[in-house]
file data36.cif (mmCIF, C-alpha atoms and all ligand atoms)
data_start
#
loop_
_atom_site.label_atom_id
_atom_site.label_comp_id
_atom_site.auth_asym_id
_atom_site.auth_seq_id
_atom_site.Cartn_x
_atom_site.Cartn_y
_atom_site.Cartn_z
CA MET E 294 120.40 93.67 50.71
CA LYS E 295 121.79 91.04 53.07
CA ARG E 296 121.62 91.01 56.87
CA ARG E 297 123.11 88.48 59.32
CA ILE E 298 120.99 88.60 62.45
CA GLY E 299 121.78 87.05 65.82
CA ILE E 300 118.73 86.46 67.99
CA LEU E 301 118.48 85.51 71.65
CA THR E 302 115.91 85.26 74.44
CA SER E 303 117.05 86.12 77.96
CA GLY E 304 115.60 86.18 81.49
CA GLY E 305 112.42 84.38 82.58
CA ASP E 306 110.49 82.75 79.74
CA CYS E 307 106.97 83.90 78.91
CA PRO E 308 104.22 83.18 76.38
CA GLY E 309 104.78 85.02 73.10
CA LEU E 310 108.57 84.63 72.82
CA ASN E 311 108.29 82.18 69.93
CA ALA E 312 105.57 84.27 68.26
CA ALA E 313 107.91 87.29 68.45
CA ILE E 314 110.88 85.26 67.10
CA ARG E 315 108.63 84.13 64.25
CA GLY E 316 107.49 87.72 63.65
CA VAL E 317 111.05 89.07 63.34
CA THR E 318 112.39 86.25 61.20
CA ARG E 319 109.45 85.80 58.84
CA ALA E 320 109.24 89.52 58.16
CA ALA E 321 113.04 89.64 57.73
CA TYR E 322 112.93 86.79 55.18
CA GLU E 323 110.15 88.64 53.35
CA MET E 324 111.87 92.05 53.37
CA PHE E 325 115.50 91.21 52.60
CA ASP E 326 118.07 88.44 52.30
CA ALA E 327 118.21 87.35 55.94
CA GLU E 328 120.53 84.89 57.65
CA ILE E 329 119.50 84.03 61.18
CA ILE E 330 121.78 82.74 63.91
CA GLY E 331 119.93 81.42 66.96
CA ILE E 332 121.94 82.04 70.13
CA HIS E 333 121.27 79.53 72.91
CA ASP E 334 120.15 80.41 76.45
CA GLY E 335 120.37 84.17 76.17
CA TYR E 336 123.61 85.99 76.90
CA ARG E 337 125.18 82.73 78.12
CA GLY E 338 125.24 81.54 74.51
CA LEU E 339 126.68 84.83 73.32
CA ILE E 340 129.42 84.68 75.98
CA GLU E 341 130.27 81.02 75.33
CA GLY E 342 129.78 81.07 71.56
CA ASP E 343 126.90 78.60 71.73
CA TYR E 344 124.61 79.06 68.72
CA HIS E 345 123.41 77.51 65.48
CA ALA E 346 122.53 78.77 62.04
CA MET E 347 118.78 78.57 61.47
CA LYS E 348 116.62 78.19 58.39
CA ARG E 349 113.19 79.43 57.42
CA SER E 350 111.48 76.16 58.32
CA ASP E 351 112.77 76.43 61.92
CA PHE E 352 110.29 79.25 62.47
CA SER E 353 107.27 77.31 61.22
CA GLY E 354 104.67 76.03 63.67
CA ILE E 355 105.93 78.07 66.64
CA LEU E 356 103.29 80.81 66.79
CA THR E 357 101.29 79.04 69.48
CA LEU E 358 104.21 77.43 71.29
CA GLY E 359 104.97 78.53 74.87
CA GLY E 360 108.50 79.01 76.24
CA THR E 361 111.31 79.74 73.79
CA ILE E 362 112.82 77.54 71.08
CA LEU E 363 116.19 79.25 71.72
CA GLY E 364 116.32 78.46 75.44
CA THR E 365 116.83 81.15 78.05
CA ALA E 366 118.82 81.86 81.19
CA ARG E 367 119.19 84.56 83.76
CA THR E 368 122.64 86.18 83.34
CA PRO E 369 122.49 89.09 85.82
CA PHE E 370 123.52 92.46 84.43
CA ARG E 371 125.33 93.34 87.67
CA ASN E 372 127.85 90.54 86.93
CA MET E 373 128.44 91.41 83.29
CA ARG E 374 131.53 93.48 83.98
CA VAL E 375 132.68 91.29 86.87
CA ILE E 376 135.41 88.81 86.04
CA GLY E 377 134.80 85.71 88.13
CA GLU E 378 136.77 82.57 88.93
CA ASP E 379 136.50 81.41 85.31
CA LYS E 380 138.51 84.55 84.37
CA VAL E 381 136.13 85.22 81.46
CA ASP E 382 135.68 88.83 80.42
CA LYS E 383 131.99 88.45 79.51
CA VAL E 384 131.65 91.72 77.61
CA ALA E 385 134.75 91.01 75.51
CA ALA E 386 133.51 87.45 74.91
CA MET E 387 130.10 88.68 73.70
CA LYS E 388 131.74 91.18 71.36
CA LYS E 389 134.04 88.46 70.02
CA THR E 390 131.14 86.09 69.27
CA TYR E 391 129.30 88.91 67.50
CA LYS E 392 132.40 89.71 65.45
CA ASP E 393 133.28 86.07 64.71
CA LEU E 394 129.73 85.52 63.46
CA LYS E 395 130.01 88.65 61.29
CA LEU E 396 126.63 89.78 62.56
CA ASP E 397 124.97 92.92 61.23
CA CYS E 398 122.86 93.09 64.36
CA LEU E 399 121.71 91.35 67.50
CA VAL E 400 118.03 91.05 68.48
CA THR E 401 117.46 90.54 72.21
CA LEU E 402 114.07 89.51 73.58
CA GLY E 403 113.74 90.15 77.29
CA GLY E 404 112.77 92.26 80.25
CA ASN E 405 114.60 94.81 82.41
CA GLY E 406 117.85 92.91 82.95
CA THR E 407 118.04 91.92 79.29
CA HIS E 408 117.59 95.52 78.22
CA LYS E 409 120.35 96.74 80.56
CA THR E 410 122.80 94.34 78.93
CA ALA E 411 121.43 95.19 75.46
CA ASN E 412 122.19 98.85 76.21
CA LEU E 413 125.67 97.97 77.45
CA LEU E 414 126.38 96.07 74.20
CA SER E 415 124.96 98.94 72.17
CA GLN E 416 127.29 101.36 73.97
CA GLU E 417 130.13 98.95 73.22
CA GLY E 418 129.41 99.48 69.54
CA LEU E 419 127.19 96.49 68.64
CA ASN E 420 124.01 97.00 66.61
CA VAL E 421 121.27 95.94 69.02
CA ILE E 422 117.47 95.89 68.87
CA GLY E 423 115.37 94.90 71.89
CA LEU E 424 111.89 93.41 72.13
CA PRO E 425 109.98 93.91 75.40
CA LYS E 426 108.81 90.69 77.03
CA THR E 427 107.75 90.00 80.60
CA ILE E 428 104.63 88.89 82.41
CA ASP E 429 105.41 91.66 84.93
CA ASN E 430 104.78 94.48 82.39
CA ASP E 431 107.39 96.53 84.22
CA LEU E 432 109.45 97.77 81.29
CA TYR E 433 109.56 101.54 80.97
CA GLY E 434 108.47 103.17 77.69
CA THR E 435 105.93 100.60 76.51
CA ASP E 436 102.28 100.42 77.54
CA PHE E 437 102.42 96.62 77.45
CA THR E 438 105.04 93.94 77.14
CA PHE E 439 104.17 90.65 75.46
CA GLY E 440 103.44 87.82 77.90
CA PHE E 441 101.55 90.09 80.28
CA HIS E 442 98.07 89.54 78.85
CA THR E 443 98.43 85.77 78.75
CA ALA E 444 99.60 85.74 82.37
CA MET E 445 96.68 88.01 83.26
CA ASP E 446 94.26 85.57 81.58
CA ILE E 447 95.75 82.65 83.51
CA ALA E 448 95.80 84.48 86.86
CA THR E 449 92.21 85.60 86.28
CA GLU E 450 91.12 82.05 85.58
CA VAL E 451 92.81 80.95 88.81
CA ILE E 452 90.88 83.63 90.73
CA ASP E 453 87.63 82.61 88.99
CA ARG E 454 88.10 78.96 89.91
CA ILE E 455 89.04 79.82 93.50
CA HIS E 456 85.93 82.01 93.72
CA THR E 457 83.61 79.00 93.57
CA THR E 458 85.39 77.22 96.43
CA ALA E 459 85.54 80.43 98.45
CA ALA E 460 81.80 80.95 98.02
CA SER E 461 80.83 77.32 98.65
CA HIS E 462 82.91 77.04 101.85
CA GLY E 463 82.57 80.62 103.05
CA ARG E 464 86.33 80.96 103.14
CA CYS E 465 88.86 83.71 102.69
CA MET E 466 91.10 82.77 99.77
CA VAL E 467 94.42 84.56 99.31
CA ILE E 468 95.83 84.13 95.80
CA GLU E 469 99.49 84.96 95.22
CA ILE E 470 100.15 86.49 91.83
CA MET E 471 103.65 86.73 90.31
CA GLY E 472 105.48 90.03 90.49
CA ASN E 473 108.21 90.76 92.96
CA LYS E 474 108.68 94.47 92.36
CA ALA E 475 105.76 95.39 90.10
CA GLY E 476 102.09 94.84 90.88
CA TRP E 477 100.63 95.18 87.36
CA LEU E 478 99.70 91.53 87.04
CA THR E 479 98.05 91.42 90.46
CA LEU E 480 96.24 94.71 89.81
CA TYR E 481 94.82 93.72 86.43
CA SER E 482 93.96 90.10 87.27
CA GLY E 483 92.57 91.24 90.63
CA VAL E 484 90.20 93.64 88.89
CA ALA E 485 89.34 91.04 86.21
CA GLY E 486 88.71 88.35 88.82
CA GLY E 487 86.62 90.59 91.09
CA ALA E 488 89.00 90.50 94.07
CA ASP E 489 87.88 92.26 97.25
CA ALA E 490 91.40 93.35 98.11
CA ILE E 491 94.48 93.80 95.92
CA LEU E 492 97.86 94.01 97.63
CA ILE E 493 100.80 95.16 95.52
CA PRO E 494 104.45 96.02 96.26
CA GLU E 495 103.98 99.68 95.32
CA ILE E 496 101.24 100.27 97.92
CA PRO E 497 102.32 98.85 101.29
CA TYR E 498 99.38 97.42 103.21
CA ASP E 499 98.26 97.51 106.80
CA MET E 500 97.09 94.08 107.94
CA LYS E 501 94.37 95.68 110.11
CA GLN E 502 92.87 97.29 107.01
CA VAL E 503 92.89 93.95 105.19
CA ALA E 504 91.25 92.32 108.22
CA LYS E 505 88.55 95.03 108.09
CA VAL E 506 87.69 94.02 104.52
CA VAL E 507 87.15 90.42 105.64
CA GLU E 508 85.07 91.50 108.64
CA GLN E 509 82.90 93.82 106.54
CA ARG E 510 82.32 91.07 103.97
CA ALA E 511 81.29 88.72 106.80
CA LYS E 512 78.93 91.36 108.26
CA SER E 513 77.30 91.96 104.89
CA ASN E 514 76.51 88.23 104.69
CA LYS E 515 78.88 87.68 101.77
CA GLY E 516 80.62 85.05 103.85
CA PHE E 517 83.74 84.83 101.70
CA THR E 518 86.59 87.08 100.59
CA ILE E 519 89.00 86.99 97.66
CA ILE E 520 92.38 88.63 98.12
CA ALA E 521 94.89 88.97 95.27
CA VAL E 522 98.35 89.52 96.71
CA ALA E 523 101.51 90.08 94.70
CA GLU E 524 104.52 87.90 95.38
CA GLY E 525 106.42 91.02 96.50
CA ALA E 526 103.63 92.80 98.42
CA MET E 527 104.75 94.17 101.76
CA THR E 528 103.28 95.54 104.93
CA THR E 529 103.83 99.16 105.93
CA GLU E 530 106.35 97.94 108.55
CA GLU E 531 108.23 95.84 105.98
CA ALA E 532 108.30 98.79 103.58
CA LYS E 533 110.34 100.75 106.11
CA MET E 534 113.01 98.01 106.25
CA LYS E 535 116.05 97.70 104.00
CA LYS E 536 115.60 95.06 101.28
CA LYS E 537 118.06 92.63 102.91
CA GLU E 538 116.41 92.99 106.32
CA ARG E 539 112.98 92.39 104.78
CA GLU E 540 114.17 89.31 102.91
CA ALA E 541 115.83 87.93 106.04
CA LYS E 542 112.58 88.43 108.00
CA ARG E 543 110.57 86.59 105.36
CA ALA E 544 113.14 83.79 105.09
CA ALA E 545 113.18 83.32 108.85
CA GLU E 546 109.39 83.16 108.94
CA HIS E 547 109.23 80.84 105.90
CA PHE E 548 106.35 82.95 104.66
CA SER E 549 105.34 83.61 101.11
CA SER E 550 103.25 86.78 100.83
CA SER E 551 100.01 84.78 100.53
CA ALA E 552 100.84 82.44 103.43
CA TYR E 553 101.62 85.48 105.58
CA VAL E 554 98.34 87.23 104.77
CA ALA E 555 96.30 84.03 105.28
CA GLN E 556 98.00 83.34 108.62
CA GLN E 557 97.44 86.92 109.81
CA LEU E 558 93.77 86.74 108.87
CA ARG E 559 93.33 83.50 110.80
CA ASP E 560 94.96 85.18 113.83
CA LEU E 561 93.23 88.58 113.58
CA VAL E 562 89.74 87.62 112.39
CA GLY E 563 89.57 83.90 113.14
CA VAL E 564 88.45 83.30 109.58
CA GLU E 565 89.10 80.11 107.64
CA ALA E 566 91.80 81.34 105.25
CA ARG E 567 93.76 79.50 102.57
CA ALA E 568 96.77 80.59 100.52
CA VAL E 569 96.97 79.58 96.86
CA VAL E 570 100.16 79.97 94.82
CA PRO E 571 99.72 79.34 91.07
CA GLY E 572 103.42 80.24 90.54
CA HIS E 573 105.02 79.50 87.18
CA ILE E 574 101.71 78.26 85.72
CA GLN E 575 101.22 81.99 85.04
CA ARG E 576 104.18 81.95 82.66
CA GLY E 577 103.45 78.65 80.98
CA GLY E 578 101.80 77.44 77.81
CA SER E 579 100.43 78.99 74.68
CA PRO E 580 100.18 82.79 74.28
CA SER E 581 96.72 84.37 74.19
CA ALA E 582 95.41 85.78 70.91
CA TYR E 583 96.27 89.28 72.13
CA ASP E 584 99.87 88.30 72.86
CA ARG E 585 100.21 86.48 69.53
CA VAL E 586 99.17 89.66 67.76
CA LEU E 587 101.36 91.95 69.91
CA SER E 588 104.41 89.65 69.57
CA THR E 589 103.92 89.54 65.81
CA GLN E 590 103.57 93.33 65.61
CA PHE E 591 106.70 93.81 67.73
CA GLY E 592 108.62 91.24 65.66
CA VAL E 593 107.68 92.81 62.34
CA HIS E 594 108.65 96.28 63.60
CA ALA E 595 112.04 94.88 64.67
CA ALA E 596 112.54 93.56 61.11
CA GLU E 597 111.68 97.03 59.75
CA LEU E 598 114.28 98.55 62.08
CA ILE E 599 116.89 96.04 60.84
CA ARG E 600 116.00 96.89 57.24
CA ASP E 601 116.40 100.61 58.00
CA GLU E 602 119.56 100.03 60.09
CA THR E 603 117.99 101.73 63.10
CA TYR E 604 119.90 100.28 66.04
CA GLY E 605 120.31 100.98 69.75
CA VAL E 606 116.54 100.86 70.19
CA THR E 607 113.80 98.67 71.62
CA VAL E 608 110.32 98.14 70.26
CA ALA E 609 107.36 99.53 72.19
CA LEU E 610 103.58 99.93 72.19
CA LYS E 611 102.24 103.43 72.79
CA GLY E 612 98.48 103.65 72.63
CA ASN E 613 97.65 101.68 69.51
CA THR E 614 100.93 102.43 67.79
CA ILE E 615 103.95 100.15 67.53
CA THR E 616 107.05 102.30 67.84
CA HIS E 617 110.49 102.20 69.46
CA ASN E 618 112.55 103.89 72.17
CA ARG E 619 116.26 104.45 72.47
CA LEU E 620 117.81 101.75 74.66
CA GLU E 621 119.72 104.34 76.68
CA ASP E 622 116.45 106.08 77.57
CA ILE E 623 114.69 103.02 78.96
CA ALA E 624 117.37 100.59 80.17
CA GLY E 625 117.35 100.23 83.93
CA VAL E 626 114.18 102.28 84.44
CA PRO E 627 111.53 100.04 85.98
CA LYS E 628 107.87 100.84 85.33
CA LEU E 629 106.08 100.41 88.63
CA VAL E 630 102.41 101.04 89.41
CA PRO E 631 102.04 104.70 90.41
CA GLU E 632 99.74 105.18 93.39
CA ASP E 633 97.56 107.46 91.23
CA ASP E 634 97.44 105.01 88.29
CA GLN E 635 94.03 105.12 86.63
CA MET E 636 93.48 101.40 87.23
CA VAL E 637 94.20 101.86 90.94
CA THR E 638 91.65 104.68 91.06
CA ILE E 639 89.11 102.59 89.15
CA ALA E 640 89.62 99.69 91.56
CA ARG E 641 89.20 102.00 94.54
CA GLN E 642 86.03 103.43 93.00
CA MET E 643 84.76 99.85 92.75
CA GLY E 644 85.28 99.47 96.50
CA ILE E 645 88.36 97.26 96.14
CA SER E 646 90.75 97.73 99.06
CA PHE E 647 94.53 98.07 98.70
CA GLY E 648 94.96 97.50 102.42
CA SER E 649 95.97 101.10 102.91
CA LYS E 650 93.93 103.84 104.55
CA GLU E 651 91.78 104.69 101.50
O1 LIG U 1 109.94 88.30 85.76
C1 LIG U 1 108.99 87.31 85.64
C2 LIG U 1 108.84 86.54 86.93
O2 LIG U 1 107.92 85.50 86.74
C3 LIG U 1 108.44 87.37 88.14
O3 LIG U 1 107.08 87.68 88.19
C4 LIG U 1 108.89 86.50 89.26
O4 LIG U 1 109.11 87.26 90.43
C5 LIG U 1 110.16 85.91 88.73
O5 LIG U 1 110.07 85.97 87.32
C6 LIG U 1 110.40 84.48 89.13
O6 LIG U 1 111.66 84.12 88.66
P1 LIG U 1 112.14 82.62 88.45
O7 LIG U 1 111.40 82.02 87.31
O8 LIG U 1 113.59 82.76 88.17
O9 LIG U 1 111.81 81.90 89.71
#

call {"tool": "encode", "arguments": {"input": "data36.cif", "output": "structure tokens"}}
result
Amino acid sequence: MKRRIGILTSGGDCPGLNAAIRGVTRAAYEMFDAEIIGIHDGYRGLIEGDYHAMKRSDFSGILTLGGTILGTARTPFRNMRVIGEDKVDKVAAMKKTYKDLKLDCLVTLGGNGTHKTANLLSQEGLNVIGLPKTIDNDLYGTDFTFGFHTAMDIATEVIDRIHTTAASHGRCMVIEIMGNKAGWLTLYSGVAGGADAILIPEIPYDMKQVAKVVEQRAKSNKGFTIIAVAEGAMTTEEAKMKKKEREAKRAAEHFSSSAYVAQQLRDLVGVEARAVVPGHIQRGGSPSAYDRVLSTQFGVHAAELIRDETYGVTVALKGNTITHNRLEDIAGVPKLVPEDDQMVTIARQMGISFGSKE
């Protein structure tokens, strides 16, 4: 049995991409006669016909490597059917590359945007299999995406290290965790790092409630406060605004979410507050052991699906089981933190504030 497999990584990079590429390809080489074509920089490479044939040795020594050996790019789904100034019909171009390469299937590693385009290509008749990656963990149908746990470990270490300075100086430290729409990373690293308040996009916060946390900590002689705030966290007033209006407000104020919270706390409580933005550090470097295992499990399951010619699906983790979902059932459905999520309840039971009226 022979299979020609195109593989690409799309969207923001994250730890575990190379481990997943290795998982798919090694298992494919073991299971059947596999030929692998590495497509460069995600869908850009598929549109422009930018790729190279790979060999078994190309997948050696990449288990622990961060980033992606294939390169990646953001090619927004909303533009896929839009013909721009270059007059390129992107969907037709992707189908042509697939056909010219005589591929049996295309494996796409990515998050929400990647899966929307994967579904589009599947509906256009290509054999597509997705693998769920993102540090945001916001892909519907899987308990965890790979990359999330590594980012959580990094964000937690940042909070731990900030803790010592906060305690020594008696300061309020506001740490901005990645996640524009989804607060999973802030929620989990906030709990792991022992934050006093966790502010996430899904639960709009009231600055007065956050100020109360700082005041209560001061009264109880703790003298310092740790706040984990998601990149996309918003106040109750901001939550009522349209997205464009909210973005314009933020742009005009030149505030990141952490800078805004720190500034407000200085004004409202008169506390010494600092904003810390670890940024892309959270996405960098070697995957954690957990993510190496998960990426390998996902990769091997993708190879099984190729062997069995099960296409139009994406790999998923449900409980302790590696399984798959139909692309059409999950594409475009974001997985946000529900207000009654068990981890939110646990955090609340631990006395952690979400800046809302708990
Ligand atoms: O989707 C992963 C992510 O890191 C988000 O948490 C963040 O909002 C976004 O990507 C940042 O995107 P970029 O790397 O393009 O600045």

call {"tool": "residues_near_ligand", "arguments": {"input": "data36.cif", "ligand": "ligand LIG 1 (chain U)", "cutoff": "7 Å", "atoms": "all atoms listed in the file", "output": "PyMOL selection string"}}
result
chain E and resi 305+427-429+471-473+524+573+576

call {"tool": "closest_atom_pairs", "arguments": {"input": "data36.cif", "of": "range 570-643 of chain E", "to": "range 401-410 of chain E", "cutoff": "10 Å", "atoms": "all atoms listed in the file", "output": "JSON lines"}}
result
{"residue": "E:Gly592", "atom": "CA", "partner": "E:Leu402", "partner_atom": "CA", "distance": 9.8}
{"residue": "E:Val606", "atom": "CA", "partner": "E:His408", "partner_atom": "CA", "distance": 9.7}
{"residue": "E:Thr607", "atom": "CA", "partner": "E:His408", "partner_atom": "CA", "distance": 8.2}
{"residue": "E:Val608", "atom": "CA", "partner": "E:Leu402", "partner_atom": "CA", "distance": 10.0}
{"residue": "E:Leu620", "atom": "CA", "partner": "E:His408", "partner_atom": "CA", "distance": 7.2}
{"residue": "E:Glu621", "atom": "CA", "partner": "E:Lys409", "partner_atom": "CA", "distance": 8.6}
{"residue": "E:Ile623", "atom": "CA", "partner": "E:His408", "partner_atom": "CA", "distance": 8.1}
{"residue": "E:Ala624", "atom": "CA", "partner": "E:Lys409", "partner_atom": "CA", "distance": 4.9}
{"residue": "E:Gly625", "atom": "CA", "partner": "E:Lys409", "partner_atom": "CA", "distance": 5.7}
{"residue": "E:Val626", "atom": "CA", "partner": "E:Asn405", "partner_atom": "CA", "distance": 7.8}
{"residue": "E:Pro627", "atom": "CA", "partner": "E:Asn405", "partner_atom": "CA", "distance": 7.0}
{"residue": "E:Lys628", "atom": "CA", "partner": "E:Asn405", "partner_atom": "CA", "distance": 9.5}

call {"tool": "axis_aligned_box", "arguments": {"input": "data36.cif", "around": "range 585-601 of chain E", "padding_each_side": "4 Å", "output": "lines of an AutoDock Vina configuration file"}}
result
center_x = 108.0
center_y = 93.5
center_z = 63.6
size_x = 25.7
size_y = 22.1
size_z = 20.7

call {"tool": "atom_distance", "arguments": {"input": "data36.cif", "atom1": "CA of Val451 in chain E", "atom2": "CA of Gly354 in chain E"}}
result
28.2 Å

call {"tool": "closest_residue", "arguments": {"input": "data36.cif", "among": "E:Gly423, E:Ile329, E:Asp560, E:Asp633", "to": "Thr438 in chain E", "atoms": "only C-alpha atoms"}}
result
E:Gly423

call {"tool": "residues_near_point", "arguments": {"input": "data36.cif", "point": "(88.9, 97.4, 96.3)", "cutoff": "8 Å", "atoms": "all atoms listed in the file", "output": "PyMOL selection string"}}
result
chain E and resi 488-491+640-647

call {"tool": "residues_near_point", "arguments": {"input": "data36.cif", "point": "(85.0, 82.6, 94.4)", "cutoff": "12 Å", "atoms": "only C-alpha atoms", "output": "PyMOL selection string"}}
result
chain E and resi 449-468+486-489+515-521

call {"tool": "write_last_selection", "arguments": {"input": "data36.cif", "atoms": "C-alpha atoms", "output": "CSV table (one decimal), keeping the file's coordinate frame"}}
result
chain,number,residue,atom,x,y,z
E,449,THR,CA,92.2,85.6,86.3
E,450,GLU,CA,91.1,82.0,85.6
E,451,VAL,CA,92.8,81.0,88.8
E,452,ILE,CA,90.9,83.6,90.7
E,453,ASP,CA,87.6,82.6,89.0
E,454,ARG,CA,88.1,79.0,89.9
E,455,ILE,CA,89.0,79.8,93.5
E,456,HIS,CA,85.9,82.0,93.7
E,457,THR,CA,83.6,79.0,93.6
E,458,THR,CA,85.4,77.2,96.4
E,459,ALA,CA,85.5,80.4,98.4
E,460,ALA,CA,81.8,81.0,98.0
E,461,SER,CA,80.8,77.3,98.6
E,462,HIS,CA,82.9,77.0,101.8
E,463,GLY,CA,82.6,80.6,103.0
E,464,ARG,CA,86.3,81.0,103.1
E,465,CYS,CA,88.9,83.7,102.7
E,466,MET,CA,91.1,82.8,99.8
E,467,VAL,CA,94.4,84.6,99.3
E,468,ILE,CA,95.8,84.1,95.8
E,486,GLY,CA,88.7,88.4,88.8
E,487,GLY,CA,86.6,90.6,91.1
E,488,ALA,CA,89.0,90.5,94.1
E,489,ASP,CA,87.9,92.3,97.2
E,515,LYS,CA,78.9,87.7,101.8
E,516,GLY,CA,80.6,85.0,103.8
E,517,PHE,CA,83.7,84.8,101.7
E,518,THR,CA,86.6,87.1,100.6
E,519,ILE,CA,89.0,87.0,97.7
E,520,ILE,CA,92.4,88.6,98.1
E,521,ALA,CA,94.9,89.0,95.3

call {"tool": "closest_residue", "arguments": {"input": "data36.cif", "among": "E:Ile300, E:Val507, E:Ile447, E:Leu587", "to": "Arg559 in chain E", "atoms": "only C-alpha atoms"}}
result
E:Val507

call {"tool": "atom_distance", "arguments": {"input": "data36.cif", "atom1": "CA of Val317 in chain E", "atom2": "CA of Gln590 in chain E"}}
result
8.9 Å

call {"tool": "residues_around", "arguments": {"input": "data36.cif", "residues": "Arg319 in chain E", "least_positions_apart": "3", "cutoff": "12 Å", "atoms": "all atoms listed in the file", "output": "compact mmCIF listing (two decimals) with C-alpha atoms, keeping the file's coordinate frame"}}
result
# COMPACT_ATOMS: atom_id res chain seq x y z
CA ASN E 311 108.29 82.18 69.93
CA ALA E 312 105.57 84.27 68.26
CA ALA E 313 107.91 87.29 68.45
CA ILE E 314 110.88 85.26 67.10
CA ARG E 315 108.63 84.13 64.25
CA GLY E 316 107.49 87.72 63.65
CA TYR E 322 112.93 86.79 55.18
CA GLU E 323 110.15 88.64 53.35
CA MET E 324 111.87 92.05 53.37
CA PHE E 325 115.50 91.21 52.60
CA ASP E 326 118.07 88.44 52.30
CA ALA E 327 118.21 87.35 55.94
CA GLU E 328 120.53 84.89 57.65
CA ILE E 329 119.50 84.03 61.18
CA LYS E 348 116.62 78.19 58.39
CA ARG E 349 113.19 79.43 57.42
CA SER E 350 111.48 76.16 58.32
CA ASP E 351 112.77 76.43 61.92
CA PHE E 352 110.29 79.25 62.47
CA SER E 353 107.27 77.31 61.22
CA GLY E 354 104.67 76.03 63.67
CA ILE E 355 105.93 78.07 66.64
CA LEU E 356 103.29 80.81 66.79
CA THR E 589 103.92 89.54 65.81
CA GLN E 590 103.57 93.33 65.61
CA GLY E 592 108.62 91.24 65.66
CA VAL E 593 107.68 92.81 62.34
CA HIS E 594 108.65 96.28 63.60
CA ALA E 595 112.04 94.88 64.67
CA ALA E 596 112.54 93.56 61.11
CA GLU E 597 111.68 97.03 59.75

call {"tool": "closest_residue", "arguments": {"input": "data36.cif", "among": "E:Gly331, E:Gly525, E:Pro425, E:Pro308", "to": "Ser549 in chain E", "atoms": "all atoms listed in the file"}}
result
E:Gly525

call {"tool": "closest_residue", "arguments": {"input": "data36.cif", "among": "E:Met445, E:Leu610, E:Ala366, E:Met347", "to": "Gly304 in chain E", "atoms": "only C-alpha atoms"}}
result
E:Ala366

call {"tool": "atom_distance", "arguments": {"input": "data36.cif", "atom1": "CA of Asp334 in chain E", "atom2": "CA of Asp397 in chain E"}}
result
20.3 Å

call {"tool": "residues_around", "arguments": {"input": "data36.cif", "residues": "Thr528 in chain E", "least_positions_apart": "6", "cutoff": "10 Å", "atoms": "all atoms listed in the file", "output": "ChimeraX atom specification"}}
result
/E:492-494,496-500,550,554,648-649

call {"tool": "closest_residue", "arguments": {"input": "data36.cif", "among": "E:Gln509, E:Asn420, E:Thr435, E:Thr479", "to": "Asp622 in chain E", "atoms": "only C-alpha atoms"}}
result
E:Thr435

call {"tool": "closest_residue", "arguments": {"input": "data36.cif", "among": "E:Phe441, E:Tyr336, E:Trp477, E:Phe370", "to": "Glu632 in chain E", "atoms": "only C-alpha atoms"}}
result
E:Trp477

call {"tool": "residues_around", "arguments": {"input": "data36.cif", "residues": "range 378-391 of chain E", "least_positions_apart": "4", "cutoff": "6 Å", "atoms": "all atoms listed in the file", "output": "PyMOL selection string"}}
result
chain E and resi 339-340+342+373+396

call {"tool": "build_atoms", "arguments": {"input": "data36.cif", "residues": "range 541-548 of chain E", "atoms": "N, CA, C and O atoms", "output": "PDB file, in the frame of the given file"}}
result
ATOM      1  N   ALA E 541     115.410  88.791 104.927  1.00  0.00           N
ATOM      2  CA  ALA E 541     115.830  87.930 106.040  1.00  0.00           C
ATOM      3  C   ALA E 541     114.624  87.608 106.929  1.00  0.00           C
ATOM      4  O   ALA E 541     114.452  86.468 107.378  1.00  0.00           O
ATOM      5  N   LYS E 542     113.780  88.619 107.164  1.00  0.00           N
ATOM      6  CA  LYS E 542     112.580  88.430 108.000  1.00  0.00           C
ATOM      7  C   LYS E 542     111.685  87.371 107.364  1.00  0.00           C
ATOM      8  O   LYS E 542     111.243  86.436 108.021  1.00  0.00           O
ATOM      9  N   ARG E 543     111.438  87.549 106.067  1.00  0.00           N
ATOM     10  CA  ARG E 543     110.570  86.590 105.360  1.00  0.00           C
ATOM     11  C   ARG E 543     111.170  85.175 105.370  1.00  0.00           C
ATOM     12  O   ARG E 543     110.471  84.197 105.600  1.00  0.00           O
ATOM     13  N   ALA E 544     112.483  85.105 105.142  1.00  0.00           N
ATOM     14  CA  ALA E 544     113.140  83.790 105.090  1.00  0.00           C
ATOM     15  C   ALA E 544     113.037  83.102 106.447  1.00  0.00           C
ATOM     16  O   ALA E 544     112.768  81.900 106.527  1.00  0.00           O
ATOM     17  N   ALA E 545     113.232  83.898 107.503  1.00  0.00           N
ATOM     18  CA  ALA E 545     113.180  83.320 108.850  1.00  0.00           C
ATOM     19  C   ALA E 545     111.781  82.824 109.175  1.00  0.00           C
ATOM     20  O   ALA E 545     111.595  81.815 109.851  1.00  0.00           O
ATOM     21  N   GLU E 546     110.779  83.535 108.651  1.00  0.00           N
ATOM     22  CA  GLU E 546     109.390  83.160 108.940  1.00  0.00           C
ATOM     23  C   GLU E 546     108.872  82.095 107.973  1.00  0.00           C
ATOM     24  O   GLU E 546     107.778  81.578 108.140  1.00  0.00           O
ATOM     25  N   HIS E 547     109.648  81.797 106.933  1.00  0.00           N
ATOM     26  CA  HIS E 547     109.230  80.840 105.900  1.00  0.00           C
ATOM     27  C   HIS E 547     107.891  81.212 105.287  1.00  0.00           C
ATOM     28  O   HIS E 547     107.074  80.365 104.983  1.00  0.00           O
ATOM     29  N   PHE E 548     107.640  82.512 105.162  1.00  0.00           N
ATOM     30  CA  PHE E 548     106.350  82.950 104.660  1.00  0.00           C
ATOM     31  C   PHE E 548     106.447  83.421 103.216  1.00  0.00           C
ATOM     32  O   PHE E 548     107.292  84.246 102.885  1.00  0.00           O
TER      33      PHE E 548
END
